[in-house]
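Visitor: File name my_file-v8.pdb; file contents PDB, C-alpha atoms; full text below.
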```pdb
MODEL        1
ATOM      1  CA  MET S 107     -33.603  18.085   2.870
ATOM      2  CA  ASN S 108     -34.482  14.481   3.574
ATOM      3  CA  ILE S 109     -32.008  12.110   5.153
ATOM      4  CA  LYS S 110     -32.119   8.816   6.982
ATOM      5  CA  VAL S 111     -31.008   8.638  10.605
ATOM      6  CA  ASN S 112     -30.747   5.120  12.013
ATOM      7  CA  GLY S 113     -32.921   3.886   9.161
ATOM      8  CA  GLU S 114     -35.750   6.365   9.798
ATOM      9  CA  ALA S 115     -36.608   9.141   7.350
ATOM     10  CA  VAL S 116     -35.903  12.552   8.861
ATOM     11  CA  GLU S 117     -36.729  15.918   7.346
ATOM     12  CA  ILE S 118     -34.281  18.711   8.106
ATOM     13  CA  GLU S 119     -35.213  22.342   7.493
ATOM     14  CA  SER S 120     -31.820  23.561   6.408
ATOM     15  CA  ASP S 121     -30.050  22.241   3.338
ATOM     16  CA  GLY S 122     -26.743  20.894   4.480
ATOM     17  CA  LEU S 123     -25.363  20.909   7.983
ATOM     18  CA  VAL S 124     -22.364  19.363   9.660
ATOM     19  CA  VAL S 125     -22.552  16.232  11.798
ATOM     20  CA  THR S 126     -22.046  18.166  15.056
ATOM     21  CA  GLU S 127     -25.169  20.223  14.268
ATOM     22  CA  LEU S 128     -27.131  17.136  13.280
ATOM     23  CA  LEU S 129     -26.243  15.508  16.623
ATOM     24  CA  LYS S 130     -27.597  18.593  18.400
ATOM     25  CA  GLN S 131     -30.749  18.683  16.280
ATOM     26  CA  GLN S 132     -31.406  15.024  16.917
ATOM     27  CA  LYS S 133     -31.066  15.699  20.647
ATOM     28  CA  VAL S 134     -28.073  13.462  21.219
ATOM     29  CA  ASP S 135     -27.117  14.669  24.704
ATOM     30  CA  MET S 136     -23.737  13.047  24.908
ATOM     31  CA  PRO S 137     -22.069  13.038  21.487
ATOM     32  CA  GLU S 138     -18.975  11.504  23.081
ATOM     33  CA  MET S 139     -21.095   8.348  23.521
ATOM     34  CA  VAL S 140     -21.756   8.054  19.809
ATOM     35  CA  SER S 141     -19.841   6.730  16.850
ATOM     36  CA  VAL S 142     -21.200   8.176  13.591
ATOM     37  CA  GLU S 143     -21.399   6.327  10.288
ATOM     38  CA  HIS S 144     -21.997   8.615   7.310
ATOM     39  CA  ASN S 145     -22.976   6.884   4.056
ATOM     40  CA  GLY S 146     -21.253   3.703   5.135
ATOM     41  CA  THR S 147     -18.052   5.263   6.515
ATOM     42  CA  ILE S 148     -17.310   5.551  10.231
ATOM     43  CA  LEU S 149     -16.164   9.121  10.844
ATOM     44  CA  ASP S 150     -13.197  10.214  12.892
ATOM     45  CA  ARG S 151     -14.451  12.239  15.839
ATOM     46  CA  ALA S 152     -12.472  15.223  14.535
ATOM     47  CA  ALA S 153     -14.483  15.079  11.289
ATOM     48  CA  PHE S 154     -17.841  15.685  13.039
ATOM     49  CA  GLU S 155     -17.222  19.449  12.744
ATOM     50  CA  THR S 156     -16.434  19.377   9.043
ATOM     51  CA  THR S 157     -18.483  16.581   7.492
ATOM     52  CA  GLN S 158     -21.490  17.974   5.626
ATOM     53  CA  VAL S 159     -24.713  15.981   5.612
ATOM     54  CA  LYS S 160     -26.599  16.365   2.336
ATOM     55  CA  ASP S 161     -29.987  15.450   0.928
ATOM     56  CA  GLY S 162     -30.379  11.669   0.580
ATOM     57  CA  ASP S 163     -27.538  10.844   2.992
ATOM     58  CA  GLN S 164     -27.692   7.988   5.446
ATOM     59  CA  VAL S 165     -26.423   8.560   8.951
ATOM     60  CA  GLU S 166     -26.141   6.017  11.757
ATOM     61  CA  PHE S 167     -25.621   6.952  15.379
ATOM     62  CA  LEU S 168     -24.008   3.945  17.067
ATOM     63  CA  TYR S 169     -23.875   4.121  20.841
ATOM     64  CA  PHE S 170     -21.199   2.808  23.142
ATOM     65  CA  MET S 171     -22.686   0.003  25.206
ATOM     66  CA  GLY S 172     -21.008  -1.877  27.989
ATOM     67  CA  GLY S 173     -23.162  -4.350  29.805
ATOM     68  CA  GLY S 174     -22.194  -7.828  30.807
ATOM     69  CA  SER S 175     -19.848  -8.481  33.662
ATOM     70  CA  PRO S 176     -17.852  -5.695  35.328
ATOM     71  CA  LEU S 177     -14.633  -7.508  34.598
ATOM     72  CA  ARG S 178     -11.589  -5.387  35.108
ATOM     73  CA  ALA S 179      -8.791  -5.301  32.607
ATOM     74  CA  ASN S 180      -5.489  -3.547  32.709
TER      75      ASN S 180
ATOM     76  CA  MET M 180     -15.437 -39.575  17.700
ATOM     77  CA  ASN M 181     -18.676 -41.512  17.551
ATOM     78  CA  LEU M 182     -21.733 -40.395  19.449
ATOM     79  CA  ASN M 183     -22.964 -42.877  22.029
ATOM     80  CA  GLU M 184     -26.627 -43.655  22.604
ATOM     81  CA  SER M 185     -27.174 -41.118  25.351
ATOM     82  CA  GLN M 186     -25.431 -38.394  23.344
ATOM     83  CA  ILE M 187     -27.607 -39.149  20.327
ATOM     84  CA  GLU M 188     -30.674 -38.689  22.527
ATOM     85  CA  ARG M 189     -29.366 -35.609  24.358
ATOM     86  CA  TYR M 190     -28.439 -33.817  21.147
ATOM     87  CA  SER M 191     -31.251 -35.266  18.996
ATOM     88  CA  ARG M 192     -32.804 -31.860  18.259
ATOM     89  CA  HIS M 193     -29.455 -30.663  16.935
ATOM     90  CA  ILE M 194     -28.730 -33.842  15.019
ATOM     91  CA  ILE M 195     -32.108 -33.747  13.301
ATOM     92  CA  LEU M 196     -31.244 -30.346  11.825
ATOM     93  CA  GLN M 197     -30.042 -30.913   8.298
ATOM     94  CA  GLN M 198     -27.311 -28.263   8.650
ATOM     95  CA  VAL M 199     -25.984 -29.769  11.891
ATOM     96  CA  GLY M 200     -26.399 -33.538  11.899
ATOM     97  CA  GLY M 201     -24.023 -35.947  13.655
ATOM     98  CA  PRO M 202     -20.921 -34.345  12.105
ATOM     99  CA  GLY M 203     -21.975 -30.858  13.270
ATOM    100  CA  GLN M 204     -22.625 -32.119  16.783
ATOM    101  CA  GLU M 205     -19.217 -33.775  16.838
ATOM    102  CA  LYS M 206     -17.628 -30.462  15.854
ATOM    103  CA  LEU M 207     -19.335 -28.826  18.835
ATOM    104  CA  MET M 208     -18.121 -31.599  21.141
ATOM    105  CA  ASN M 209     -14.553 -31.081  19.931
ATOM    106  CA  ALA M 210     -14.692 -27.288  20.215
ATOM    107  CA  LYS M 211     -13.273 -24.947  22.843
ATOM    108  CA  VAL M 212     -15.042 -21.663  23.572
ATOM    109  CA  LEU M 213     -13.841 -18.992  25.991
ATOM    110  CA  VAL M 214     -16.448 -16.831  27.737
ATOM    111  CA  ILE M 215     -14.931 -13.661  29.212
ATOM    112  CA  GLY M 216     -17.197 -12.442  32.011
ATOM    113  CA  THR M 217     -19.977 -14.574  33.461
ATOM    114  CA  GLY M 218     -22.454 -11.738  33.955
ATOM    115  CA  GLY M 219     -25.515 -10.608  32.030
ATOM    116  CA  LEU M 220     -24.125 -11.686  28.657
ATOM    117  CA  GLY M 221     -21.744 -14.465  29.621
ATOM    118  CA  ALA M 222     -24.201 -16.300  31.909
ATOM    119  CA  PRO M 223     -26.811 -17.070  29.221
ATOM    120  CA  ALA M 224     -24.119 -17.557  26.573
ATOM    121  CA  ALA M 225     -22.198 -20.085  28.673
ATOM    122  CA  PHE M 226     -25.389 -21.908  29.697
ATOM    123  CA  TYR M 227     -26.478 -22.431  26.082
ATOM    124  CA  LEU M 228     -22.974 -23.444  25.036
ATOM    125  CA  GLY M 229     -22.984 -26.029  27.825
ATOM    126  CA  ALA M 230     -26.391 -27.297  26.797
ATOM    127  CA  ALA M 231     -25.166 -27.559  23.202
ATOM    128  CA  GLY M 232     -22.356 -29.868  24.289
ATOM    129  CA  ILE M 233     -19.344 -27.660  23.584
ATOM    130  CA  GLY M 234     -16.367 -29.823  24.558
ATOM    131  CA  THR M 235     -14.466 -27.247  26.592
ATOM    132  CA  ILE M 236     -15.801 -23.975  27.959
ATOM    133  CA  GLY M 237     -13.367 -21.529  29.537
ATOM    134  CA  LEU M 238     -14.797 -19.007  32.008
ATOM    135  CA  ILE M 239     -12.962 -15.869  33.109
ATOM    136  CA  ASP M 240     -14.283 -13.709  35.929
ATOM    137  CA  GLY M 241     -12.726 -12.421  39.111
ATOM    138  CA  ASP M 242     -16.024 -11.384  40.647
ATOM    139  CA  GLN M 243     -18.373 -12.887  43.223
ATOM    140  CA  VAL M 244     -22.121 -13.317  42.780
ATOM    141  CA  ASP M 245     -24.140 -10.381  44.099
ATOM    142  CA  LEU M 246     -27.863 -10.400  44.862
ATOM    143  CA  SER M 247     -28.402  -7.686  42.245
ATOM    144  CA  ASN M 248     -26.897  -9.969  39.569
ATOM    145  CA  LEU M 249     -29.667 -12.555  39.779
ATOM    146  CA  GLN M 250     -32.244 -10.486  37.863
ATOM    147  CA  ARG M 251     -30.396 -11.383  34.635
ATOM    148  CA  GLN M 252     -27.382 -13.627  35.298
ATOM    149  CA  ILE M 253     -29.414 -16.808  35.171
ATOM    150  CA  ILE M 254     -26.516 -19.205  35.655
ATOM    151  CA  HIS M 255     -26.190 -18.022  39.278
ATOM    152  CA  PHE M 256     -28.743 -18.896  41.961
ATOM    153  CA  THR M 257     -29.732 -17.236  45.241
ATOM    154  CA  GLU M 258     -27.583 -19.627  47.279
ATOM    155  CA  ASP M 259     -24.528 -18.571  45.221
ATOM    156  CA  VAL M 260     -24.508 -14.998  46.507
ATOM    157  CA  GLY M 261     -20.962 -14.273  47.708
ATOM    158  CA  ARG M 262     -19.399 -17.200  45.826
ATOM    159  CA  PRO M 263     -16.967 -16.809  42.903
ATOM    160  CA  LYS M 264     -18.915 -16.481  39.673
ATOM    161  CA  VAL M 265     -16.725 -18.889  37.737
ATOM    162  CA  ILE M 266     -17.279 -21.642  40.324
ATOM    163  CA  SER M 267     -21.030 -21.023  40.409
ATOM    164  CA  ALA M 268     -21.192 -21.076  36.602
ATOM    165  CA  LYS M 269     -19.053 -24.208  36.300
ATOM    166  CA  GLU M 270     -21.330 -26.094  38.707
ATOM    167  CA  LYS M 271     -24.494 -25.149  36.797
ATOM    168  CA  ILE M 272     -23.011 -26.031  33.418
ATOM    169  CA  ASN M 273     -21.973 -29.427  34.733
ATOM    170  CA  GLN M 274     -25.363 -30.054  36.342
ATOM    171  CA  LEU M 275     -26.923 -29.286  32.970
ATOM    172  CA  ASN M 276     -24.340 -31.259  31.020
ATOM    173  CA  PRO M 277     -21.720 -33.333  32.862
ATOM    174  CA  GLU M 278     -19.849 -33.995  29.614
ATOM    175  CA  VAL M 279     -18.582 -30.413  29.308
ATOM    176  CA  ASN M 280     -15.038 -29.740  30.482
ATOM    177  CA  VAL M 281     -15.262 -26.342  32.206
ATOM    178  CA  VAL M 282     -11.981 -24.510  32.790
ATOM    179  CA  THR M 283     -12.147 -21.594  35.222
ATOM    180  CA  TYR M 284      -9.919 -18.536  35.445
ATOM    181  CA  GLU M 285     -10.694 -16.568  38.603
ATOM    182  CA  THR M 286      -8.565 -13.689  37.463
ATOM    183  CA  LEU M 287      -8.386 -10.437  35.553
ATOM    184  CA  PHE M 288      -7.998 -10.530  31.793
ATOM    185  CA  THR M 289      -4.913  -8.440  31.125
ATOM    186  CA  GLN M 290      -2.620  -7.730  28.231
ATOM    187  CA  GLU M 291      -0.051  -9.916  29.993
ATOM    188  CA  ASN M 292      -2.229 -13.049  30.024
ATOM    189  CA  ALA M 293      -4.621 -12.342  27.111
ATOM    190  CA  LEU M 294      -2.759 -13.997  24.248
ATOM    191  CA  GLU M 295      -1.679 -16.934  26.411
ATOM    192  CA  ILE M 296      -5.279 -17.666  27.457
ATOM    193  CA  ILE M 297      -7.037 -17.186  24.107
ATOM    194  CA  LYS M 298      -4.573 -19.301  22.116
ATOM    195  CA  ASP M 299      -6.189 -22.508  23.388
ATOM    196  CA  TYR M 300      -9.679 -21.563  22.197
ATOM    197  CA  ASP M 301     -11.531 -21.707  18.873
ATOM    198  CA  PHE M 302     -13.947 -18.857  19.588
ATOM    199  CA  ILE M 303     -14.146 -16.122  22.218
ATOM    200  CA  ILE M 304     -17.216 -14.433  23.669
ATOM    201  CA  ASP M 305     -16.882 -10.922  25.070
ATOM    202  CA  GLY M 306     -19.331 -10.741  27.953
ATOM    203  CA  THR M 307     -17.618  -7.864  29.734
ATOM    204  CA  ASP M 308     -18.882  -4.510  30.894
ATOM    205  CA  SER M 309     -15.824  -2.288  30.801
ATOM    206  CA  PHE M 310     -14.632  -0.619  27.625
ATOM    207  CA  ALA M 311     -11.037  -1.245  28.623
ATOM    208  CA  ALA M 312     -11.838  -4.966  28.591
ATOM    209  CA  LYS M 313     -13.806  -4.736  25.344
ATOM    210  CA  PHE M 314     -10.971  -3.006  23.497
ATOM    211  CA  LEU M 315      -8.413  -5.359  25.020
ATOM    212  CA  ILE M 316     -10.424  -8.429  23.936
ATOM    213  CA  ASN M 317     -10.792  -6.963  20.454
ATOM    214  CA  ASP M 318      -7.103  -6.237  20.091
ATOM    215  CA  ALA M 319      -6.034  -9.580  21.559
ATOM    216  CA  CYS M 320      -8.319 -11.480  19.185
ATOM    217  CA  VAL M 321      -7.144  -9.482  16.158
ATOM    218  CA  ILE M 322      -3.472  -9.933  17.126
ATOM    219  CA  GLY M 323      -4.020 -13.609  17.997
ATOM    220  CA  LYS M 324      -6.138 -14.161  14.841
ATOM    221  CA  LYS M 325      -9.107 -15.486  16.812
ATOM    222  CA  PRO M 326     -12.794 -15.112  15.989
ATOM    223  CA  PHE M 327     -14.900 -13.473  18.661
ATOM    224  CA  SER M 328     -18.349 -12.101  19.405
ATOM    225  CA  HIS M 329     -18.780  -8.609  20.815
ATOM    226  CA  ALA M 330     -21.952  -7.524  22.578
ATOM    227  CA  GLY M 331     -23.045  -4.546  24.637
ATOM    228  CA  ILE M 332     -26.280  -3.861  26.500
ATOM    229  CA  LEU M 333     -27.800  -0.828  28.187
ATOM    230  CA  ARG M 334     -31.321  -0.218  29.458
ATOM    231  CA  PHE M 335     -33.522  -1.678  26.677
ATOM    232  CA  ASP M 336     -30.831  -1.651  23.990
ATOM    233  CA  GLY M 337     -28.270  -4.089  22.772
ATOM    234  CA  GLN M 338     -25.732  -4.460  20.014
ATOM    235  CA  THR M 339     -23.586  -7.308  18.799
ATOM    236  CA  MET M 340     -21.131  -8.123  16.043
ATOM    237  CA  THR M 341     -18.824 -10.985  15.211
ATOM    238  CA  HIS M 342     -15.227 -10.715  14.088
ATOM    239  CA  VAL M 343     -13.340 -13.366  12.203
ATOM    240  CA  PRO M 344      -9.842 -12.632  10.890
ATOM    241  CA  GLY M 345     -10.083 -10.270   7.932
ATOM    242  CA  THR M 346     -13.492  -8.792   8.780
ATOM    243  CA  ALA M 347     -14.389  -5.571  10.577
ATOM    244  CA  SER M 348     -13.458  -5.485  14.245
ATOM    245  CA  TYR M 349     -14.884  -3.532  17.171
ATOM    246  CA  ARG M 350     -12.361  -0.769  16.471
ATOM    247  CA  CYS M 351     -13.808  -0.335  12.979
ATOM    248  CA  VAL M 352     -17.026   0.882  14.664
ATOM    249  CA  PHE M 353     -15.660   2.431  17.845
ATOM    250  CA  LYS M 354     -12.159   3.630  17.192
ATOM    251  CA  ASN M 355     -11.153   4.334  20.778
ATOM    252  CA  PRO M 356     -12.687   3.920  24.228
ATOM    253  CA  PRO M 357     -15.092   6.695  25.228
ATOM    254  CA  PRO M 358     -13.915   9.370  27.633
ATOM    255  CA  LYS M 359     -13.926   8.359  31.266
ATOM    256  CA  ASN M 360     -17.372   8.357  32.900
ATOM    257  CA  ALA M 361     -19.091   9.373  29.628
ATOM    258  CA  VAL M 362     -21.007   6.137  29.282
ATOM    259  CA  PRO M 363     -23.369   4.930  31.943
ATOM    260  CA  THR M 364     -23.059   1.294  32.867
ATOM    261  CA  CYS M 365     -25.779  -1.229  33.644
ATOM    262  CA  SER M 366     -25.261  -0.677  37.363
ATOM    263  CA  GLN M 367     -25.844   3.047  36.916
ATOM    264  CA  ALA M 368     -28.441   3.067  34.141
ATOM    265  CA  GLY M 369     -30.192  -0.281  34.480
ATOM    266  CA  ILE M 370     -30.859  -3.141  32.095
ATOM    267  CA  LEU M 371     -34.004  -5.144  31.379
ATOM    268  CA  GLY M 372     -32.869  -8.618  32.393
ATOM    269  CA  ALA M 373     -34.277 -10.421  29.380
ATOM    270  CA  VAL M 374     -32.392  -8.080  27.016
ATOM    271  CA  ALA M 375     -29.125  -9.408  28.456
ATOM    272  CA  GLY M 376     -30.406 -12.902  27.712
ATOM    273  CA  MET M 377     -31.365 -11.961  24.147
ATOM    274  CA  LEU M 378     -27.900 -10.658  23.362
ATOM    275  CA  GLY M 379     -26.029 -13.392  25.247
ATOM    276  CA  THR M 380     -27.903 -16.135  23.406
ATOM    277  CA  ILE M 381     -27.214 -14.434  20.064
ATOM    278  CA  GLN M 382     -23.523 -14.592  20.998
ATOM    279  CA  ALA M 383     -23.888 -18.305  21.791
ATOM    280  CA  ALA M 384     -25.643 -18.871  18.450
ATOM    281  CA  GLU M 385     -22.787 -17.107  16.649
ATOM    282  CA  ALA M 386     -20.250 -19.393  18.373
ATOM    283  CA  LEU M 387     -22.255 -22.514  17.507
ATOM    284  CA  ARG M 388     -22.718 -21.508  13.874
ATOM    285  CA  TYR M 389     -19.056 -20.561  13.515
ATOM    286  CA  ILE M 390     -17.946 -23.935  14.879
ATOM    287  CA  ILE M 391     -20.361 -25.945  12.742
ATOM    288  CA  GLY M 392     -19.578 -23.706   9.764
ATOM    289  CA  ILE M 393     -23.103 -22.782   8.699
ATOM    290  CA  GLY M 394     -25.039 -19.677   7.750
ATOM    291  CA  ASP M 395     -23.952 -16.054   7.669
ATOM    292  CA  LEU M 396     -22.235 -14.741  10.778
ATOM    293  CA  LEU M 397     -22.680 -11.185  12.031
ATOM    294  CA  THR M 398     -19.490 -10.147  10.297
ATOM    295  CA  ASN M 399     -19.061  -6.700   8.743
ATOM    296  CA  ARG M 400     -22.348  -5.677  10.316
ATOM    297  CA  LEU M 401     -23.522  -4.554  13.728
ATOM    298  CA  LEU M 402     -26.863  -5.891  14.916
ATOM    299  CA  VAL M 403     -28.668  -3.168  16.848
ATOM    300  CA  VAL M 404     -31.558  -4.217  19.070
ATOM    301  CA  ASP M 405     -34.093  -1.801  20.520
ATOM    302  CA  ALA M 406     -36.151  -3.944  22.857
ATOM    303  CA  LEU M 407     -38.434  -1.082  23.894
ATOM    304  CA  SER M 408     -39.951  -0.894  20.404
ATOM    305  CA  MET M 409     -38.702  -4.443  19.704
ATOM    306  CA  LYS M 410     -36.937  -3.567  16.495
ATOM    307  CA  PHE M 411     -33.843  -5.289  15.147
ATOM    308  CA  ARG M 412     -31.628  -3.738  12.454
ATOM    309  CA  THR M 413     -28.225  -4.471  11.057
ATOM    310  CA  VAL M 414     -25.849  -1.672  10.125
ATOM    311  CA  ALA M 415     -23.165  -2.487   7.569
ATOM    312  CA  VAL M 416     -19.648  -1.880   8.885
ATOM    313  CA  ALA M 417     -16.714  -1.776   6.502
ATOM    314  CA  PRO M 418     -13.403  -3.269   7.628
ATOM    315  CA  SER M 419     -11.044  -0.339   8.123
ATOM    316  CA  GLU M 420      -7.407  -0.341   7.148
ATOM    317  CA  LEU M 421      -6.529  -0.042  10.789
ATOM    318  CA  ASP M 422      -3.659  -2.378  11.553
ATOM    319  CA  ILE M 423      -3.767  -3.718  15.084
ATOM    320  CA  THR M 424      -0.424  -5.272  15.874
ATOM    321  CA  GLU M 425       0.255  -4.401  19.480
ATOM    322  CA  PHE M 426      -1.554  -3.623  22.710
ATOM    323  CA  GLN M 427      -2.276  -0.086  23.796
ATOM    324  CA  THR M 428      -2.961   1.383  27.206
ATOM    325  CA  TYR M 429      -6.382   0.335  28.358
ATOM    326  CA  GLU M 430      -7.608   2.799  30.897
ATOM    327  CA  GLU M 431     -10.404   1.621  33.100
ATOM    328  CA  VAL M 432     -13.479   3.525  31.936
ATOM    329  CA  ALA M 433     -16.483   1.545  33.098
ATOM    330  CA  CYS M 434     -17.745   0.532  36.455
ATOM    331  CA  ASP M 435     -16.148  -1.964  38.690
ATOM    332  CA  LEU M 436     -18.962  -1.747  41.150
ATOM    333  CA  SER M 437     -19.916  -5.084  42.500
TER     334      SER M 437
ENDMDL
END
```
Please go through the file and, once you have read it, give me the structure as structure tokens.

Guide:
Amino acid sequence: MNIKVNGEAVEIESDGLVVTELLKQQKVDMPEMVSVEHNGTILDRAAFETTQVKDGDQVEFLYFMGGGSPLRAN
Amino acid sequence: MNLNESQIERYSRHIILQQVGGPGQEKLMNAKVLVIGTGGLGAPAAFYLGAAGIGTIGLIDGDQVDLSNLQRQIIHFTEDVGRPKVISAKEKINQLNPEVNVVTYETLFTQENALEIIKDYDFIIDGTDSFAAKFLINDACVIGKKPFSHAGILRFDGQTMTHVPGTASYRCVFKNPPPKNAVPTCSQAGILGAVAGMLGTIQAAEALRYIIGIGDLLTNRLLVVDALSMKFRTVAVAPSELDITEFQTYEEVACDLS
């Protein structure tokens, strides 16, 4: 199947896989660093295991980024 | 307020812009912007806001200038190493533009003082590193109904989005802070100095455009910058039905290395 990951066309051998598998296939080392948007909807982390990615889907991996000043908050 | 002769000359390249003009410049001169963190993002953001003639700039940072900051935090100079960042930044802004009233808060930004501090400002810039601070700023601005600009940077990457009441907030993209120690920080992973400047000046441009009331802000979309391939994209973000009405526990998850 053909999907788009972060705007780039990606061909996946299998037809249909869950987000957790897609993260592995796309070599995302630290999935806990990523927020996933599937066809315009940000997924709950718990839904990574159950959400099926299908032909034509658009997936965005959005990474946590800090940066700036190490200002402490509490 | 009427612009005097020296102000007309100083801000002439703003005033000549059809979308800004004298009235737009006067809006900037009457505006109050709070910059939280005067590091890689806040330093360039605050410098451009000062140059633009923002009437009052608030600076929050409890840190001192470190030699390793100077590669990107361009508001601080070599002779400032060891001095409080907010004092160093205030001096530079006023050397650049003596008309700006700079208010400094050499303190932590906490859920106890957050709402009290932000209530005096028209726009807030998140220039912090820690996720605890980022989520706290988000929640405070949503609760306090304040517009703000989020940005994050890491290595050659950056991202930024703007929230105004009613649009998607940071929690609509990142629901909760990442697990402790999961995300490397700039001090651990590095950052190309100019990338901090790129994102910080985008934040300043968002503040300026919000205050003047022109163009399309980065609302309901996250701008993602990959400065290694030099590609910019925006990802649409839908406002969630999440209702933020009170503070949560903000565990410290990023570095507080100096």

Visitor: Which distance in Å separates atom CA of S:Val125 and atom CA of M:Ala368, to one decimal?

Guide: 26.6 Å

Visitor: Using only C-alpha atoms, which residue out of M:Lys325, M:Lys211, M:Arg192, M:Arg400 lies closest to M:Asn280?

Guide: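 Looking only at the distances to M:Asn280, the closest residue turns out to be M:Lys211.
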
Visitor: My list of candidates is M:Ala383, M:Val281, M:Ile370, M:Ile272. Which is closest to chain S when distances are computed with only C-alpha atoms?

Guide: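 Checking each candidate against chain S, we get M:Ile370 as the closest.
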
Visitor: Expressed in Å to a single decimal, how great is the separation between atom CA of M:Glu285 and atom CA of M:Ile239?

Guide: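 Rounded to one decimal, the two atoms are 6.0 Å apart.
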
Visitor: Give me, as a tab-separated table, the closest atom pair and its distance (Å, one decimal) for every residue of chain M within a cut-off of 7 Å of chain S, counting all atoms listed in the file, rows sorted by chain and rising number.

Guide:
```
residue	atom	partner	partner_atom	distance
M:Gly216	CA	S:Ser175	CA	5.0
M:Thr217	CA	S:Ser175	CA	6.1
M:Gly218	CA	S:Ser175	CA	4.2
M:Gly219	CA	S:Gly174	CA	4.5
M:Leu220	CA	S:Gly174	CA	4.8
M:Gly221	CA	S:Gly174	CA	6.8
M:Asp240	CA	S:Leu177	CA	6.4
M:Gly241	CA	S:Leu177	CA	6.9
M:Leu287	CA	S:Ala179	CA	5.9
M:Phe288	CA	S:Ala179	CA	5.4
M:Thr289	CA	S:Asn180	CA	5.2
M:Gln290	CA	S:Asn180	CA	6.8
M:Gly306	CA	S:Gly174	CA	5.0
M:Thr307	CA	S:Ser175	CA	4.6
M:Asp308	CA	S:Gly173	CA	4.4
M:Ser309	CA	S:Gly172	CA	5.9
M:Phe310	CA	S:Gly172	CA	6.5
M:Ala311	CA	S:Ala179	CA	6.1
M:Ala312	CA	S:Ala179	CA	5.1
M:Gly331	CA	S:Met171	CA	4.6
M:Ile332	CA	S:Gly173	CA	4.6
M:Leu333	CA	S:Met171	CA	6.0
M:Val352	CA	S:Ile148	CA	6.4
M:Phe353	CA	S:Ser141	CA	6.1
M:Pro357	CA	S:Met139	CA	6.5
M:Ala361	CA	S:Met139	CA	6.5
M:Val362	CA	S:Met139	CA	6.2
M:Thr364	CA	S:Gly172	CA	6.2
M:Cys365	CA	S:Gly173	CA	5.6
M:Ala415	CA	S:Gly146	CA	6.9
M:Val416	CA	S:Gly146	CA	6.9
M:Tyr429	CA	S:Asn180	CA	5.9
M:Glu430	CA	S:Asn180	CA	6.9
M:Cys434	CA	S:Pro176	CA	6.3
M:Asp435	CA	S:Pro176	CA	5.3
```

Visitor: Report as an mmCIF file with C-alpha atoms, in the coordinates of the input all protein, DNA and RNA residues lying within 12 Å of M:Met409, evaluated on all atoms listed in the file, omitting residues in the same chain fewer than 2 positions from it.

Guide:
```
data_model
loop_
_atom_site.group_PDB
_atom_site.id
_atom_site.type_symbol
_atom_site.label_atom_id
_atom_site.label_comp_id
_atom_site.auth_asym_id
_atom_site.auth_seq_id
_atom_site.Cartn_x
_atom_site.Cartn_y
_atom_site.Cartn_z
ATOM 1 C CA PHE M 335 -33.522 -1.678 26.677
ATOM 2 C CA ASP M 336 -30.831 -1.651 23.990
ATOM 3 C CA GLY M 337 -28.270 -4.089 22.772
ATOM 4 C CA VAL M 374 -32.392 -8.080 27.016
ATOM 5 C CA MET M 377 -31.365 -11.961 24.147
ATOM 6 C CA VAL M 403 -28.668 -3.168 16.848
ATOM 7 C CA VAL M 404 -31.558 -4.217 19.070
ATOM 8 C CA ASP M 405 -34.093 -1.801 20.520
ATOM 9 C CA ALA M 406 -36.151 -3.944 22.857
ATOM 10 C CA LEU M 407 -38.434 -1.082 23.894
ATOM 11 C CA PHE M 411 -33.843 -5.289 15.147
ATOM 12 C CA ARG M 412 -31.628 -3.738 12.454
#
```

Visitor: Could you name the residues that touch M:Glu420 at 12 Å or less, counting only C-alpha atoms, but leaving out those on the same chain fewer than 5 positions away, as a PyMOL selection string?

Guide: (chain S and resi 148) or (chain M and resi 345-348+350-351+354)

Visitor: Taking the block just given, write stretch 117-122 of chain S to a file that holds N, CA, C and O atoms, as a short mmCIF file (atom, residue, chain, number, x, y, z; two decimals), in the first residue's frame.

Guide:
```cif
data_model
loop_
_atom_site.label_atom_id
_atom_site.label_comp_id
_atom_site.auth_asym_id
_atom_site.auth_seq_id
_atom_site.Cartn_x
_atom_site.Cartn_y
_atom_site.Cartn_z
N GLU S 117 6.05 3.55 0.39
CA GLU S 117 5.40 2.31 -0.01
C GLU S 117 5.63 1.26 1.07
O GLU S 117 6.76 1.06 1.50
N ILE S 118 4.56 0.64 1.50
CA ILE S 118 4.65 -0.39 2.55
C ILE S 118 4.25 -1.73 1.94
O ILE S 118 3.24 -1.81 1.23
N GLU S 119 5.04 -2.75 2.21
CA GLU S 119 4.79 -4.06 1.61
C GLU S 119 3.44 -4.64 2.01
O GLU S 119 2.66 -5.06 1.18
N SER S 120 3.20 -4.64 3.33
CA SER S 120 1.95 -5.25 3.78
C SER S 120 0.78 -4.29 3.57
O SER S 120 0.96 -3.08 3.52
N ASP S 121 -0.41 -4.86 3.46
CA ASP S 121 -1.60 -4.04 3.35
C ASP S 121 -2.23 -3.90 4.73
O ASP S 121 -2.86 -4.83 5.22
N GLY S 122 -2.06 -2.77 5.31
CA GLY S 122 -2.66 -2.56 6.63
C GLY S 122 -1.74 -2.99 7.74
O GLY S 122 -1.31 -4.14 7.80
#
```
